>>> print(open('query-v7.tsv').read())   # TSV, C-alpha atoms
chain	number	residue	atom	x	y	z
K	738	MET	CA	-21.40	-12.58	-15.92
K	739	ILE	CA	-23.39	-9.40	-16.44
K	740	PRO	CA	-23.11	-7.14	-13.38
K	741	ASN	CA	-26.22	-6.55	-11.28
K	742	VAL	CA	-26.53	-2.77	-11.58
K	743	ALA	CA	-29.12	-2.37	-8.81
K	744	ALA	CA	-26.87	-4.26	-6.38
K	745	LEU	CA	-23.86	-2.16	-7.38
K	746	GLU	CA	-25.83	1.06	-6.87
K	747	ASP	CA	-26.82	-0.15	-3.40
K	748	ILE	CA	-23.18	-0.88	-2.60
K	749	ILE	CA	-22.13	2.64	-3.61
K	750	LYS	CA	-25.00	4.16	-1.63
K	751	ASP	CA	-23.99	2.19	1.46
K	752	LEU	CA	-20.29	3.02	1.04
K	753	CYS	CA	-21.13	6.73	0.87
K	754	GLN	CA	-22.80	6.44	4.27
K	755	GLU	CA	-20.01	4.47	5.93
K	756	ASP	CA	-17.64	6.08	8.39
K	757	ALA	CA	-14.78	3.92	7.22
K	758	CYS	CA	-11.52	4.00	5.32
K	759	ILE	CA	-11.91	2.19	2.00
K	760	ILE	CA	-8.80	0.36	0.83
K	761	VAL	CA	-8.44	-0.28	-2.91
K	762	GLU	CA	-5.70	-1.56	-5.18
K	763	GLY	CA	-4.82	1.44	-7.34
K	764	LYS	CA	-5.41	4.96	-8.61
K	765	ARG	CA	-8.09	3.99	-11.11
K	766	ASP	CA	-10.08	2.39	-8.30
K	767	VAL	CA	-9.80	5.60	-6.27
K	768	SER	CA	-10.96	7.65	-9.26
K	769	ALA	CA	-13.95	5.39	-9.95
K	770	LEU	CA	-15.19	5.51	-6.36
K	771	ALA	CA	-14.61	9.25	-6.04
K	772	TYR	CA	-16.50	9.84	-9.29
K	773	LEU	CA	-19.44	7.95	-7.79
K	774	GLY	CA	-19.56	10.22	-4.75
K	775	ILE	CA	-17.36	8.61	-2.14
K	776	PRO	CA	-15.12	11.29	-0.61
K	777	LYS	CA	-11.61	10.83	-1.99
K	778	GLY	CA	-10.10	11.43	1.44
K	779	ARG	CA	-11.72	8.21	2.70
K	780	ILE	CA	-10.12	6.06	-0.01
K	781	LEU	CA	-6.56	4.75	0.21
K	782	GLU	CA	-4.71	2.79	-2.42
K	783	ALA	CA	-2.67	-0.19	-1.35
K	784	ALA	CA	-0.68	-0.78	-4.53
K	785	GLN	CA	3.10	-0.66	-4.30
K	786	ILE	CA	3.31	0.12	-0.58
K	787	THR	CA	3.95	-2.06	2.43
K	788	TYR	CA	1.21	-2.94	4.87
K	789	SER	CA	3.05	-1.04	7.59
K	790	THR	CA	3.06	2.10	5.42
K	791	LEU	CA	-0.63	1.58	4.69
K	792	GLU	CA	-1.31	1.14	8.39
K	793	GLY	CA	0.44	4.44	9.10
K	794	ARG	CA	-1.73	6.22	6.53
K	795	ILE	CA	-4.88	4.69	7.99
K	796	ARG	CA	-3.90	5.74	11.51
K	797	GLN	CA	-3.24	9.32	10.31
K	798	LYS	CA	-6.86	9.45	9.19
K	799	GLU	CA	-7.96	8.03	12.55
K	800	TYR	CA	-10.42	5.50	11.14
K	801	GLN	CA	-11.39	2.53	13.26
K	802	LYS	CA	-13.24	0.70	10.48
K	803	LEU	CA	-11.65	-0.56	7.27
K	804	VAL	CA	-13.39	-1.67	4.10
K	805	PRO	CA	-10.99	-3.56	1.85
K	806	LEU	CA	-12.34	-3.44	-1.69
K	807	PHE	CA	-10.04	-5.34	-4.02
K	808	ASP	CA	-10.75	-6.74	-7.46
K	809	ASN	CA	-12.53	-10.07	-7.70
K	810	ASP	CA	-9.70	-11.77	-9.54
K	811	ARG	CA	-6.74	-13.86	-8.41
K	812	THR	CA	-4.56	-10.81	-7.67
K	813	GLY	CA	-7.35	-9.18	-5.68
K	814	GLU	CA	-7.97	-12.35	-3.72
K	815	ASP	CA	-4.25	-12.61	-2.94
K	816	ARG	CA	-4.24	-8.97	-1.80
K	817	MET	CA	-7.29	-9.59	0.38
K	818	ALA	CA	-5.61	-12.58	2.00
K	819	GLY	CA	-2.45	-10.58	2.72
K	820	PHE	CA	-4.48	-7.62	3.97
K	821	MET	CA	-6.52	-9.81	6.31
K	822	SER	CA	-3.43	-11.58	7.57
K	823	TYR	CA	-1.75	-8.27	8.43
K	824	PHE	CA	-4.72	-6.35	9.85
K	825	SER	CA	-6.78	-9.09	11.54
K	826	GLY	CA	-6.46	-9.17	15.28
K	827	GLY	CA	-5.61	-5.49	15.51
K	828	ASP	CA	-7.64	-2.68	16.98
K	829	MET	CA	-9.45	-1.80	13.74
K	830	THR	CA	-12.68	-3.38	12.53
K	831	ILE	CA	-12.49	-4.92	9.06
K	832	ASP	CA	-15.69	-5.13	7.02
K	833	GLU	CA	-15.32	-7.72	4.25
K	834	SER	CA	-19.01	-7.62	3.37
K	835	TYR	CA	-18.56	-5.10	0.56
K	836	SER	CA	-16.05	-7.32	-1.17
K	837	ARG	CA	-18.48	-10.25	-0.98
K	838	ARG	CA	-21.30	-8.03	-2.25
K	839	THR	CA	-19.32	-6.83	-5.28
K	840	LYS	CA	-18.46	-10.43	-6.11
K	841	ARG	CA	-22.11	-11.54	-5.84
K	842	ALA	CA	-23.11	-8.57	-8.01
K	843	GLY	CA	-20.78	-9.79	-10.75
K	844	LEU	CA	-18.17	-7.02	-10.57
K	845	ALA	CA	-14.71	-8.13	-11.65
K	846	CYS	CA	-12.74	-4.89	-11.22
K	847	ILE	CA	-13.46	-1.96	-8.92
K	848	GLU	CA	-12.14	0.47	-11.54
K	849	GLU	CA	-15.05	-0.53	-13.81
K	850	LEU	CA	-17.74	0.58	-11.36
K	851	ASP	CA	-18.10	4.12	-12.66
K	852	ASN	CA	-18.30	3.01	-16.30
K	853	ILE	CA	-20.83	0.26	-15.59
K	854	LEU	CA	-23.12	2.53	-13.58
K	855	GLU	CA	-22.75	5.49	-15.96
K	856	ARG	CA	-23.60	3.31	-18.97
K	857	CYS	CA	-26.74	2.01	-17.29
K	858	ARG	CA	-27.91	5.43	-16.14
K	859	ASN	CA	-27.92	6.77	-19.71
>>> encode(input="query-v7.tsv", output="structure tokens")
Amino acid sequence: MIPNVAALEDIIKDLCQEDACIIVEGKRDVSALAYLGIPKGRILEAAQITYSTLEGRIRQKEYQKLVPLFDNDRTGEDRMAGFMSYFSGGDMTIDESYSRRTKRAGLACIEELDNILERCRN
């Protein structure tokens, strides 16, 4: 599936305006989002840490809203399920809409966002 560039640009624009902590899988995801203008301090990577450690990092930043943004593959779906299981029912709001939007826009991997949008802008 060819990604819908206009939809992806809208997602990035909306994420830039959010007052939320964005949770991604790894360093390359952080780099891609930061390159596109999302403040790096609002992005946390969830790879290779426990949910309790992640929760501690989120609480240090004092965010009440979380945006999990995992890849749209089997691993990402498994991470999303684990994330939702751990964080649902707590005192933080979880916004899954961005994950659904990236999937509808045809994005497989978050780390590809910067390359896709850069290629289309040139």
>>> closest_residue(input="query-v7.tsv", among="K:Val767, K:Val804, K:Leu791, K:Leu781", to="Leu752 of chain K", atoms="only C-alpha atoms")
K:Val804
>>> residues_around(input="query-v7.tsv", residues="Leu844 of chain K", least_positions_apart="6", cutoff="10 Å", atoms="all atoms listed in the file", output="PyMOL selection string")
chain K and resi 738-742+745+808-810+836+838+850+853
>>> residues_around(input="query-v7.tsv", residues="Ala769 of chain K", least_positions_apart="2", cutoff="8 Å", atoms="only C-alpha atoms", output="list in words")
Arg765, Asp766, Val767, Ala771, Tyr772, Leu773, Ile847, Glu848, Glu849, Leu850 and Asp851 of chain K
>>> closest_residue(input="query-v7.tsv", among="K:Leu803, K:Phe820, K:Glu814, K:Thr830", to="Ile759 of chain K", atoms="all atoms listed in the file")
K:Leu803
>>> atom_distance(input="query-v7.tsv", atom1="atom CA of Met829 of chain K", atom2="atom CA of Tyr788 of chain K")
13.9 Å
>>> closest_residue(input="query-v7.tsv", among="K:Gln785, K:Gln801, K:Thr812, K:Thr790", to="Cys846 of chain K", atoms="only C-alpha atoms")
K:Thr812
>>> atom_distance(input="query-v7.tsv", atom1="atom CA of Ile780 of chain K", atom2="atom CA of Ala757 of chain K")
8.9 Å
>>> residues_around(input="query-v7.tsv", residues="Ile748 of chain K", least_positions_apart="4", cutoff="9 Å", atoms="all atoms listed in the file", output="ChimeraX atom specification")
/K:743-744,752-753,835,838-839
>>> closest_residue(input="query-v7.tsv", among="K:Glu799, K:Glu855, K:Asp828, K:Asp815", to="Cys758 of chain K", atoms="all atoms listed in the file")
K:Glu799
>>> atom_distance(input="query-v7.tsv", atom1="atom CA of Tyr823 of chain K", atom2="atom CA of Arg794 of chain K")
14.6 Å
>>> residues_around(input="query-v7.tsv", residues="Asp756 of chain K", least_positions_apart="2", cutoff="8 Å", atoms="all atoms listed in the file", output="short mmCIF file (atom, residue, chain, number, x, y, z; two decimals) with C-alpha atoms, keeping the file's coordinate frame")
data_model
loop_
_atom_site.label_atom_id
_atom_site.label_comp_id
_atom_site.auth_asym_id
_atom_site.auth_seq_id
_atom_site.Cartn_x
_atom_site.Cartn_y
_atom_site.Cartn_z
CA GLN K 754 -22.80 6.44 4.27
CA CYS K 758 -11.52 4.00 5.32
CA TYR K 800 -10.42 5.50 11.14
CA LYS K 802 -13.24 0.70 10.48
#
>>> closest_residue(input="query-v7.tsv", among="K:Gly774, K:Pro805, K:Ile749, K:Thr787", to="Ser825 of chain K", atoms="all atoms listed in the file")
K:Pro805
>>> axis_aligned_box(input="query-v7.tsv", around="segment 816-819 of chain K", padding_each_side="6 Å", output="AutoDock Vina command-line options")
--center_x -4.9 --center_y -10.8 --center_z 0.5 --size_x 16.8 --size_y 15.6 --size_z 16.5
>>> decode(input="query-v7.tsv", residues="segment 831-843 of chain K", atoms="all heavy atoms", output="PDB file, in the first residue's frame")
ATOM      1  N   ILE K 831      -5.319   7.730  27.392  1.00  0.00           N
ATOM      2  CA  ILE K 831      -4.587   7.104  26.286  1.00  0.00           C
ATOM      3  C   ILE K 831      -5.342   7.390  24.997  1.00  0.00           C
ATOM      4  O   ILE K 831      -6.527   7.066  24.873  1.00  0.00           O
ATOM      5  CB  ILE K 831      -4.444   5.590  26.494  1.00  0.00           C
ATOM      6  CG1 ILE K 831      -3.716   5.318  27.803  1.00  0.00           C
ATOM      7  CG2 ILE K 831      -3.692   4.970  25.316  1.00  0.00           C
ATOM      8  CD1 ILE K 831      -3.722   3.873  28.220  1.00  0.00           C
ATOM      9  N   ASP K 832      -4.646   7.998  24.036  1.00  0.00           N
ATOM     10  CA  ASP K 832      -5.239   8.346  22.748  1.00  0.00           C
ATOM     11  C   ASP K 832      -4.701   7.397  21.677  1.00  0.00           C
ATOM     12  O   ASP K 832      -3.588   7.559  21.195  1.00  0.00           O
ATOM     13  CB  ASP K 832      -4.905   9.795  22.403  1.00  0.00           C
ATOM     14  CG  ASP K 832      -5.584  10.282  21.137  1.00  0.00           C
ATOM     15  OD1 ASP K 832      -6.129   9.445  20.378  1.00  0.00           O
ATOM     16  OD2 ASP K 832      -5.562  11.500  20.891  1.00  0.00           O
ATOM     17  N   GLU K 833      -5.508   6.415  21.322  1.00  0.00           N
ATOM     18  CA  GLU K 833      -5.133   5.440  20.293  1.00  0.00           C
ATOM     19  C   GLU K 833      -5.428   5.924  18.880  1.00  0.00           C
ATOM     20  O   GLU K 833      -5.089   5.243  17.914  1.00  0.00           O
ATOM     21  CB  GLU K 833      -5.894   4.133  20.502  1.00  0.00           C
ATOM     22  CG  GLU K 833      -5.582   3.391  21.763  1.00  0.00           C
ATOM     23  CD  GLU K 833      -6.453   2.158  21.873  1.00  0.00           C
ATOM     24  OE1 GLU K 833      -6.105   1.138  21.241  1.00  0.00           O
ATOM     25  OE2 GLU K 833      -7.474   2.228  22.581  1.00  0.00           O
ATOM     26  N   SER K 834      -6.052   7.066  18.745  1.00  0.00           N
ATOM     27  CA  SER K 834      -6.494   7.522  17.427  1.00  0.00           C
ATOM     28  C   SER K 834      -5.337   7.715  16.448  1.00  0.00           C
ATOM     29  O   SER K 834      -5.489   7.465  15.253  1.00  0.00           O
ATOM     30  CB  SER K 834      -7.296   8.822  17.548  1.00  0.00           C
ATOM     31  OG  SER K 834      -6.460   9.911  17.927  1.00  0.00           O
ATOM     32  N   TYR K 835      -4.190   8.129  16.934  1.00  0.00           N
ATOM     33  CA  TYR K 835      -3.062   8.352  16.025  1.00  0.00           C
ATOM     34  C   TYR K 835      -2.557   7.034  15.440  1.00  0.00           C
ATOM     35  O   TYR K 835      -2.170   6.974  14.273  1.00  0.00           O
ATOM     36  CB  TYR K 835      -1.925   9.094  16.734  1.00  0.00           C
ATOM     37  CG  TYR K 835      -2.265  10.534  16.981  1.00  0.00           C
ATOM     38  CD1 TYR K 835      -2.779  10.953  18.199  1.00  0.00           C
ATOM     39  CD2 TYR K 835      -2.089  11.487  15.985  1.00  0.00           C
ATOM     40  CE1 TYR K 835      -3.105  12.272  18.430  1.00  0.00           C
ATOM     41  CE2 TYR K 835      -2.420  12.818  16.200  1.00  0.00           C
ATOM     42  CZ  TYR K 835      -2.928  13.201  17.424  1.00  0.00           C
ATOM     43  OH  TYR K 835      -3.262  14.519  17.631  1.00  0.00           O
ATOM     44  N   SER K 836      -2.581   6.002  16.220  1.00  0.00           N
ATOM     45  CA  SER K 836      -2.190   4.690  15.727  1.00  0.00           C
ATOM     46  C   SER K 836      -3.149   4.228  14.627  1.00  0.00           C
ATOM     47  O   SER K 836      -2.719   3.729  13.583  1.00  0.00           O
ATOM     48  CB  SER K 836      -2.172   3.685  16.877  1.00  0.00           C
ATOM     49  OG  SER K 836      -1.734   2.433  16.434  1.00  0.00           O
ATOM     50  N   ARG K 837      -4.438   4.418  14.858  1.00  0.00           N
ATOM     51  CA  ARG K 837      -5.433   4.050  13.831  1.00  0.00           C
ATOM     52  C   ARG K 837      -5.253   4.899  12.582  1.00  0.00           C
ATOM     53  O   ARG K 837      -5.354   4.398  11.458  1.00  0.00           O
ATOM     54  CB  ARG K 837      -6.844   4.208  14.392  1.00  0.00           C
ATOM     55  CG  ARG K 837      -7.204   3.162  15.433  1.00  0.00           C
ATOM     56  CD  ARG K 837      -8.683   3.191  15.787  1.00  0.00           C
ATOM     57  NE  ARG K 837      -9.116   4.453  16.370  1.00  0.00           N
ATOM     58  CZ  ARG K 837      -9.108   4.723  17.678  1.00  0.00           C
ATOM     59  NH1 ARG K 837      -8.682   3.819  18.538  1.00  0.00           N
ATOM     60  NH2 ARG K 837      -9.531   5.883  18.121  1.00  0.00           N
ATOM     61  N   ARG K 838      -4.955   6.182  12.769  1.00  0.00           N
ATOM     62  CA  ARG K 838      -4.769   7.075  11.616  1.00  0.00           C
ATOM     63  C   ARG K 838      -3.549   6.687  10.790  1.00  0.00           C
ATOM     64  O   ARG K 838      -3.604   6.728   9.564  1.00  0.00           O
ATOM     65  CB  ARG K 838      -4.653   8.523  12.091  1.00  0.00           C
ATOM     66  CG  ARG K 838      -5.971   9.094  12.591  1.00  0.00           C
ATOM     67  CD  ARG K 838      -5.795  10.447  13.233  1.00  0.00           C
ATOM     68  NE  ARG K 838      -5.350  11.464  12.290  1.00  0.00           N
ATOM     69  CZ  ARG K 838      -4.975  12.691  12.646  1.00  0.00           C
ATOM     70  NH1 ARG K 838      -4.996  13.054  13.923  1.00  0.00           N
ATOM     71  NH2 ARG K 838      -4.586  13.556  11.737  1.00  0.00           N
ATOM     72  N   THR K 839      -2.444   6.327  11.449  1.00  0.00           N
ATOM     73  CA  THR K 839      -1.257   5.922  10.677  1.00  0.00           C
ATOM     74  C   THR K 839      -1.543   4.636   9.904  1.00  0.00           C
ATOM     75  O   THR K 839      -1.092   4.489   8.768  1.00  0.00           O
ATOM     76  CB  THR K 839      -0.006   5.736  11.563  1.00  0.00           C
ATOM     77  OG1 THR K 839      -0.244   4.720  12.537  1.00  0.00           O
ATOM     78  CG2 THR K 839       0.427   7.038  12.198  1.00  0.00           C
ATOM     79  N   LYS K 840      -2.296   3.745  10.501  1.00  0.00           N
ATOM     80  CA  LYS K 840      -2.641   2.490   9.816  1.00  0.00           C
ATOM     81  C   LYS K 840      -3.505   2.775   8.593  1.00  0.00           C
ATOM     82  O   LYS K 840      -3.253   2.249   7.507  1.00  0.00           O
ATOM     83  CB  LYS K 840      -3.353   1.545  10.778  1.00  0.00           C
ATOM     84  CG  LYS K 840      -3.535   0.165  10.236  1.00  0.00           C
ATOM     85  CD  LYS K 840      -4.039  -0.774  11.301  1.00  0.00           C
ATOM     86  CE  LYS K 840      -3.966  -2.206  10.810  1.00  0.00           C
ATOM     87  NZ  LYS K 840      -4.143  -3.165  11.885  1.00  0.00           N
ATOM     88  N   ARG K 841      -4.531   3.615   8.758  1.00  0.00           N
ATOM     89  CA  ARG K 841      -5.401   3.977   7.628  1.00  0.00           C
ATOM     90  C   ARG K 841      -4.627   4.695   6.533  1.00  0.00           C
ATOM     91  O   ARG K 841      -4.953   4.577   5.351  1.00  0.00           O
ATOM     92  CB  ARG K 841      -6.560   4.860   8.100  1.00  0.00           C
ATOM     93  CG  ARG K 841      -7.695   4.103   8.730  1.00  0.00           C
ATOM     94  CD  ARG K 841      -8.947   4.956   8.864  1.00  0.00           C
ATOM     95  NE  ARG K 841      -8.717   6.249   9.463  1.00  0.00           N
ATOM     96  CZ  ARG K 841      -8.885   6.552  10.751  1.00  0.00           C
ATOM     97  NH1 ARG K 841      -9.306   5.634  11.584  1.00  0.00           N
ATOM     98  NH2 ARG K 841      -8.651   7.751  11.204  1.00  0.00           N
ATOM     99  N   ALA K 842      -3.604   5.454   6.926  1.00  0.00           N
ATOM    100  CA  ALA K 842      -2.799   6.199   5.946  1.00  0.00           C
ATOM    101  C   ALA K 842      -1.780   5.303   5.241  1.00  0.00           C
ATOM    102  O   ALA K 842      -1.073   5.759   4.346  1.00  0.00           O
ATOM    103  CB  ALA K 842      -2.086   7.362   6.633  1.00  0.00           C
ATOM    104  N   GLY K 843      -1.696   4.047   5.649  1.00  0.00           N
ATOM    105  CA  GLY K 843      -0.814   3.115   4.961  1.00  0.00           C
ATOM    106  C   GLY K 843       0.625   3.108   5.450  1.00  0.00           C
ATOM    107  O   GLY K 843       1.518   2.634   4.753  1.00  0.00           O
TER     108      GLY K 843
END
